[in-house]
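The file work.tsv contains TSV, C-alpha atoms:
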```tsv
chain	number	residue	atom	x	y	z
C	1433	MET	CA	-17.16	-9.48	-9.77
C	1434	LEU	CA	-18.06	-7.20	-6.87
C	1435	GLU	CA	-19.81	-3.85	-7.06
C	1436	ILE	CA	-17.60	-0.91	-6.14
C	1437	ILE	CA	-19.23	1.42	-3.63
C	1438	THR	CA	-18.99	5.04	-4.72
C	1439	TYR	CA	-19.13	8.28	-2.81
C	1440	PRO	CA	-21.34	9.53	-1.09
C	1441	ASN	CA	-22.19	6.07	0.33
C	1442	LYS	CA	-21.57	6.38	4.09
C	1443	VAL	CA	-19.94	2.93	4.36
C	1444	LEU	CA	-16.84	4.61	2.90
C	1445	GLU	CA	-16.61	6.88	5.95
C	1446	GLN	CA	-16.95	4.14	8.58
C	1447	PRO	CA	-13.93	2.65	10.35
C	1448	SER	CA	-13.62	-1.06	9.59
C	1449	ILE	CA	-13.39	-3.91	12.06
C	1450	PRO	CA	-10.57	-6.46	12.48
C	1451	ILE	CA	-10.88	-9.88	10.91
C	1452	LYS	CA	-10.88	-12.59	13.57
C	1453	ASP	CA	-10.31	-15.69	11.42
C	1454	VAL	CA	-8.11	-14.79	8.46
C	1455	THR	CA	-8.24	-18.36	7.15
C	1456	ASP	CA	-12.06	-18.35	6.92
C	1457	LEU	CA	-13.11	-19.49	3.44
C	1458	ARG	CA	-15.40	-16.45	3.14
C	1459	ILE	CA	-12.37	-14.15	3.59
C	1460	LYS	CA	-10.39	-16.06	0.98
C	1461	ASN	CA	-13.33	-15.82	-1.45
C	1462	LEU	CA	-13.69	-12.10	-0.74
C	1463	ILE	CA	-9.98	-11.58	-1.47
C	1464	ASN	CA	-10.26	-13.47	-4.78
C	1465	GLU	CA	-13.30	-11.43	-5.82
C	1466	MET	CA	-11.57	-8.19	-4.80
C	1467	VAL	CA	-8.58	-9.06	-6.99
C	1468	LYS	CA	-10.86	-9.70	-9.99
C	1469	THR	CA	-12.74	-6.46	-9.35
C	1470	MET	CA	-9.61	-4.35	-8.90
C	1471	ARG	CA	-8.04	-5.70	-12.08
C	1472	ALA	CA	-11.24	-5.25	-14.09
C	1473	HIS	CA	-11.25	-1.57	-13.10
C	1474	ASN	CA	-7.48	-1.11	-13.67
C	1475	GLY	CA	-6.93	-0.24	-10.00
C	1476	LEU	CA	-3.71	-0.46	-8.02
C	1477	GLY	CA	-5.47	-1.19	-4.76
C	1478	LEU	CA	-8.87	-1.96	-3.30
C	1479	ALA	CA	-10.11	-1.95	0.28
C	1480	ALA	CA	-12.91	-4.14	1.61
C	1481	PRO	CA	-15.09	-1.11	2.53
C	1482	GLN	CA	-15.06	-0.14	-1.17
C	1483	VAL	CA	-16.95	-3.34	-1.94
C	1484	GLY	CA	-19.35	-3.07	0.99
C	1485	HIS	CA	-17.45	-5.02	3.67
C	1486	SER	CA	-16.35	-3.00	6.70
C	1487	LEU	CA	-13.38	-5.29	7.35
C	1488	GLN	CA	-9.70	-4.46	7.87
C	1489	LEU	CA	-8.60	-5.87	4.55
C	1490	PHE	CA	-7.09	-4.40	1.42
C	1491	ILE	CA	-5.14	-5.55	-1.59
C	1492	ALA	CA	-2.48	-3.76	-3.61
C	1493	GLU	CA	-0.83	-4.64	-6.90
C	1494	VAL	CA	2.18	-2.67	-8.10
C	1495	ASP	CA	4.78	-3.92	-10.60
C	1496	ASN	CA	2.96	-7.27	-10.90
C	1497	GLN	CA	3.33	-7.86	-7.16
C	1498	LEU	CA	-0.04	-8.65	-5.56
C	1499	LEU	CA	-0.18	-8.22	-1.79
C	1500	THR	CA	-3.00	-8.83	0.67
C	1501	PHE	CA	-3.09	-6.84	3.91
C	1502	ILE	CA	-5.31	-8.15	6.71
C	1503	ASN	CA	-5.59	-6.22	9.99
C	1504	PRO	CA	-2.75	-3.88	8.93
C	1505	GLU	CA	-0.97	-1.47	11.26
C	1506	ILE	CA	1.24	1.29	9.89
C	1507	GLN	CA	4.26	1.40	12.16
C	1508	LYS	CA	6.29	4.16	10.57
C	1509	LEU	CA	6.12	6.76	7.80
C	1510	SER	CA	9.14	8.59	6.38
C	1511	GLY	CA	9.73	12.29	6.89
C	1512	LYS	CA	10.13	12.90	3.15
C	1513	GLU	CA	6.81	13.76	1.54
C	1514	VAL	CA	6.04	13.55	-2.15
C	1515	LYS	CA	3.13	15.08	-4.06
C	1516	MET	CA	1.50	12.85	-6.66
C	1517	GLU	CA	-1.82	12.57	-8.44
C	1518	GLU	CA	-4.13	9.93	-6.98
C	1519	GLY	CA	-7.38	8.47	-8.17
C	1520	CYS	CA	-9.85	6.25	-6.34
C	1521	LEU	CA	-12.23	3.60	-7.66
C	1522	SER	CA	-14.89	4.98	-5.29
C	1523	PHE	CA	-14.58	8.40	-6.99
C	1524	PRO	CA	-14.70	7.53	-10.71
C	1525	GLY	CA	-12.94	10.10	-12.88
C	1526	LYS	CA	-11.67	12.20	-9.95
C	1527	TYR	CA	-7.92	12.78	-9.60
C	1528	ILE	CA	-6.27	14.90	-6.91
C	1529	ASP	CA	-2.69	15.87	-6.10
C	1530	ILE	CA	-2.01	14.42	-2.65
C	1531	THR	CA	1.13	14.78	-0.56
C	1532	ARG	CA	2.14	11.64	1.36
C	1533	PRO	CA	5.29	10.26	2.97
C	1534	ASN	CA	7.41	8.34	0.45
C	1535	LYS	CA	8.17	5.40	2.75
C	1536	VAL	CA	6.05	3.17	4.94
C	1537	LYS	CA	6.62	0.32	7.36
C	1538	ILE	CA	3.51	-1.80	7.83
C	1539	LYS	CA	2.71	-4.86	9.93
C	1540	PHE	CA	-0.07	-7.12	8.65
C	1541	THR	CA	-1.31	-10.66	8.18
C	1542	ASP	CA	-1.13	-12.05	4.64
C	1543	SER	CA	-3.75	-14.21	2.92
C	1544	SER	CA	-2.14	-17.42	4.20
C	1545	GLY	CA	-2.41	-16.23	7.82
C	1546	GLN	CA	1.27	-15.35	8.21
C	1547	LYS	CA	2.34	-12.23	10.11
C	1548	GLN	CA	4.44	-9.92	7.95
C	1549	ILE	CA	6.32	-6.65	8.18
C	1550	LEU	CA	6.94	-4.74	4.97
C	1551	LYS	CA	9.12	-1.68	4.43
C	1552	THR	CA	8.55	-0.06	1.06
C	1553	SER	CA	8.70	3.21	-0.79
C	1554	GLY	CA	7.41	4.94	-3.88
C	1555	LEU	CA	4.18	3.94	-5.56
C	1556	LEU	CA	3.53	0.87	-3.38
C	1557	ALA	CA	3.94	2.98	-0.22
C	1558	ARG	CA	1.43	5.47	-1.62
C	1559	VAL	CA	-1.11	2.75	-2.51
C	1560	ILE	CA	-0.74	1.23	0.98
C	1561	GLN	CA	-1.41	4.60	2.63
C	1562	HIS	CA	-4.41	5.30	0.39
C	1563	GLU	CA	-5.99	1.89	1.06
C	1564	PHE	CA	-5.15	2.04	4.77
C	1565	ASP	CA	-7.07	5.32	4.92
C	1566	HIS	CA	-10.13	3.50	3.55
C	1567	LEU	CA	-9.98	1.13	6.54
C	1568	ARG	CA	-10.14	4.13	8.86
C	1569	GLY	CA	-13.00	5.76	6.95
C	1570	ILE	CA	-10.77	8.52	5.56
C	1571	LEU	CA	-11.41	9.54	1.97
C	1572	PHE	CA	-8.67	10.83	-0.29
C	1573	THR	CA	-10.67	14.02	-0.78
C	1574	GLU	CA	-10.12	14.67	2.94
C	1575	ARG	CA	-6.35	14.41	2.43
C	1576	GLU	CA	-6.62	17.16	-0.15
C	1577	LYS	CA	-8.34	19.41	2.39
C	1578	GLU	CA	-5.89	18.61	5.19
C	1579	LYS	CA	-2.85	19.20	2.99
C	1580	MET	CA	-1.27	16.40	5.04
C	1581	ILE	CA	-0.61	18.63	8.04
C	1582	SER	CA	-0.44	15.82	10.56
C	1583	ILE	CA	-0.58	12.44	8.83
C	1584	LYS	CA	2.58	11.23	10.56
C	1585	GLN	CA	1.17	12.05	13.98
C	1586	ASN	CA	-1.72	9.67	13.32
C	1587	PHE	CA	0.58	6.65	13.32
C	1588	LEU	CA	3.60	7.45	15.50
```
In structure tokens, what does this structure look like?
Amino acid sequence: MLEIITYPNKVLEQPSIPIKDVTDLRIKNLINEMVKTMRAHNGLGLAAPQVGHSLQLFIAEVDNQLLTFINPEIQKLSGKEVKMEEGCLSFPGKYIDITRPNKVKIKFTDSSGQKQILKTSGLLARVIQHEFDHLRGILFTEREKEKMISIKQNFL
């Protein structure tokens, strides 16, 4: 199992770099270890920077659906915003009400190297946005401060 990096470690605030070879055995092993770590901590998502790897990679598991997002790009966020309590494995015991768009359209490469586009809403959309922020070095505590004034402008 991997060690989860907790705040205030500066690696959490660094933008991550794209993965060049998504089929590299080291990437596959990292994904497997991230899944074990996320499940052991009862998380819904985990980004590579949270385990000390500044790579554009995160996983999400909602309703028993495990997804791997490599080099993701958010293409669209809905106009409807929903406030919900969020936690973060890098901030143990901290929960914050965060407002985020309810729908997301994301382009990514999956763990088998296939290009994918996913449109989703609800909890999975929220987890995707939270983990995507980790790849950009944005902490969920910053979203609280911003009050989501311009999140949509960041991606459109």
- Query: What is the atom CA of C:Gln1482 to atom CA of C:Ser1522 distance in Å?
  - Reply: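 Here the two named atoms are 6.6 Å from each other.
Checking C:Leu1489, C:Val1467, C:Val1536, C:Ile1570 one by one against C:Lys1442, counting all atoms listed in the file, you find the shortest gap at C:Ile1570.
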Residues of stretch 1467-1562 of chain C that approach stretch 1443-1462 of chain C to 12 Å or less, counting all atoms listed in the file: could you list each one with the shortest pair of atoms and its distance in Å to one decimal, rows by chain and increasing residue number, as a tab-separated table?
```
residue	atom	partner	partner_atom	distance
C:Val1467	CA	C:Leu1462	CA	8.6
C:Lys1468	CA	C:Leu1462	CA	10.0
C:Thr1469	CA	C:Leu1462	CA	10.3
C:Met1470	CA	C:Leu1462	CA	12.0
C:Leu1478	CA	C:Leu1462	CA	11.5
C:Ala1479	CA	C:Leu1444	CA	9.8
C:Ala1480	CA	C:Leu1462	CA	8.3
C:Pro1481	CA	C:Leu1444	CA	6.0
C:Gln1482	CA	C:Leu1444	CA	6.5
C:Val1483	CA	C:Leu1444	CA	9.3
C:Gly1484	CA	C:Val1443	CA	6.9
C:His1485	CA	C:Ser1448	CA	8.1
C:Ser1486	CA	C:Ser1448	CA	4.4
C:Leu1487	CA	C:Ser1448	CA	4.8
C:Gln1488	CA	C:Pro1450	CA	5.1
C:Leu1489	CA	C:Ile1451	CA	7.9
C:Phe1490	CA	C:Leu1462	CA	10.4
C:Ile1491	CA	C:Leu1462	CA	10.8
C:Thr1500	CA	C:Lys1460	CA	10.3
C:Phe1501	CA	C:Val1454	CA	10.4
C:Ile1502	CA	C:Ile1451	CA	7.2
C:Asn1503	CA	C:Pro1450	CA	5.6
C:Pro1504	CA	C:Pro1450	CA	9.0
C:Glu1505	CA	C:Pro1450	CA	10.9
C:Cys1520	CA	C:Leu1444	CA	11.7
C:Leu1521	CA	C:Leu1444	CA	11.6
C:Ser1522	CA	C:Leu1444	CA	8.4
C:Phe1523	CA	C:Leu1444	CA	10.8
C:Phe1540	CA	C:Val1454	CA	11.1
C:Thr1541	CA	C:Val1454	CA	8.0
C:Asp1542	CA	C:Val1454	CA	8.4
C:Ser1543	CA	C:Val1454	CA	7.1
C:Ser1544	CA	C:Thr1455	CA	6.8
C:Gly1545	CA	C:Val1454	CA	5.9
C:Gln1546	CA	C:Val1454	CA	9.4
C:Lys1547	CA	C:Val1454	CA	10.9
```
- Query: What is the atom CA of C:Leu1499-atom CA of C:Thr1531 distance in Å, reported with one decimal?
  - Reply: 23.1 Å
- Query: Quick one, how far is atom CA of C:Glu1493 from atom CA of C:Asn1474?
  - Reply: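 Spanning atom CA of C:Glu1493 to atom CA of C:Asn1474 is a straight-line distance of 10.1 Å.
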- Using only C-alpha atoms, find the one residue out of C:Glu1563, C:Glu1513, C:Asp1529, C:Glu1435 that sits nearest to C:Leu1476.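 Using only C-alpha atoms, the shortest distance to C:Leu1476 belongs to C:Glu1563.
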- Name the residues in contact with stretch 1558-1561 of chain C at a cut-off of 8 Å, using all atoms listed in the file, excluding same-chain residues fewer than 6 positions from it; report them as a list in words.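 My list of contacting residues is Leu1476, Gly1477, Ala1492, Arg1532, Pro1533, Asn1534 and Val1536 of chain C.
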Let me have the centre and edge lengths in Å, one decimal, of the box along x, y and z around every listed atom of stretch 1456-1472 of chain C with 8 Å of margin on each side, as lines of an AutoDock Vina configuration file.
```
center_x = -11.7
center_y = -11.9
center_z = -3.6
size_x = 23.4
size_y = 31.1
size_z = 37.0
```
- Out of C:Val1514, C:Leu1571, C:Leu1509, C:Ile1528, which residue has the shortest atom-to-atom distance to C:Thr1552 when counting all atoms listed in the file?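 Counting all atoms listed in the file, the residue closest to C:Thr1552 is C:Leu1509.
Using all atoms listed in the file, the nearest neighbour of C:Ala1557 within the list C:Ile1538, C:Ala1472, C:Glu1518, C:Thr1573 is C:Ile1538.
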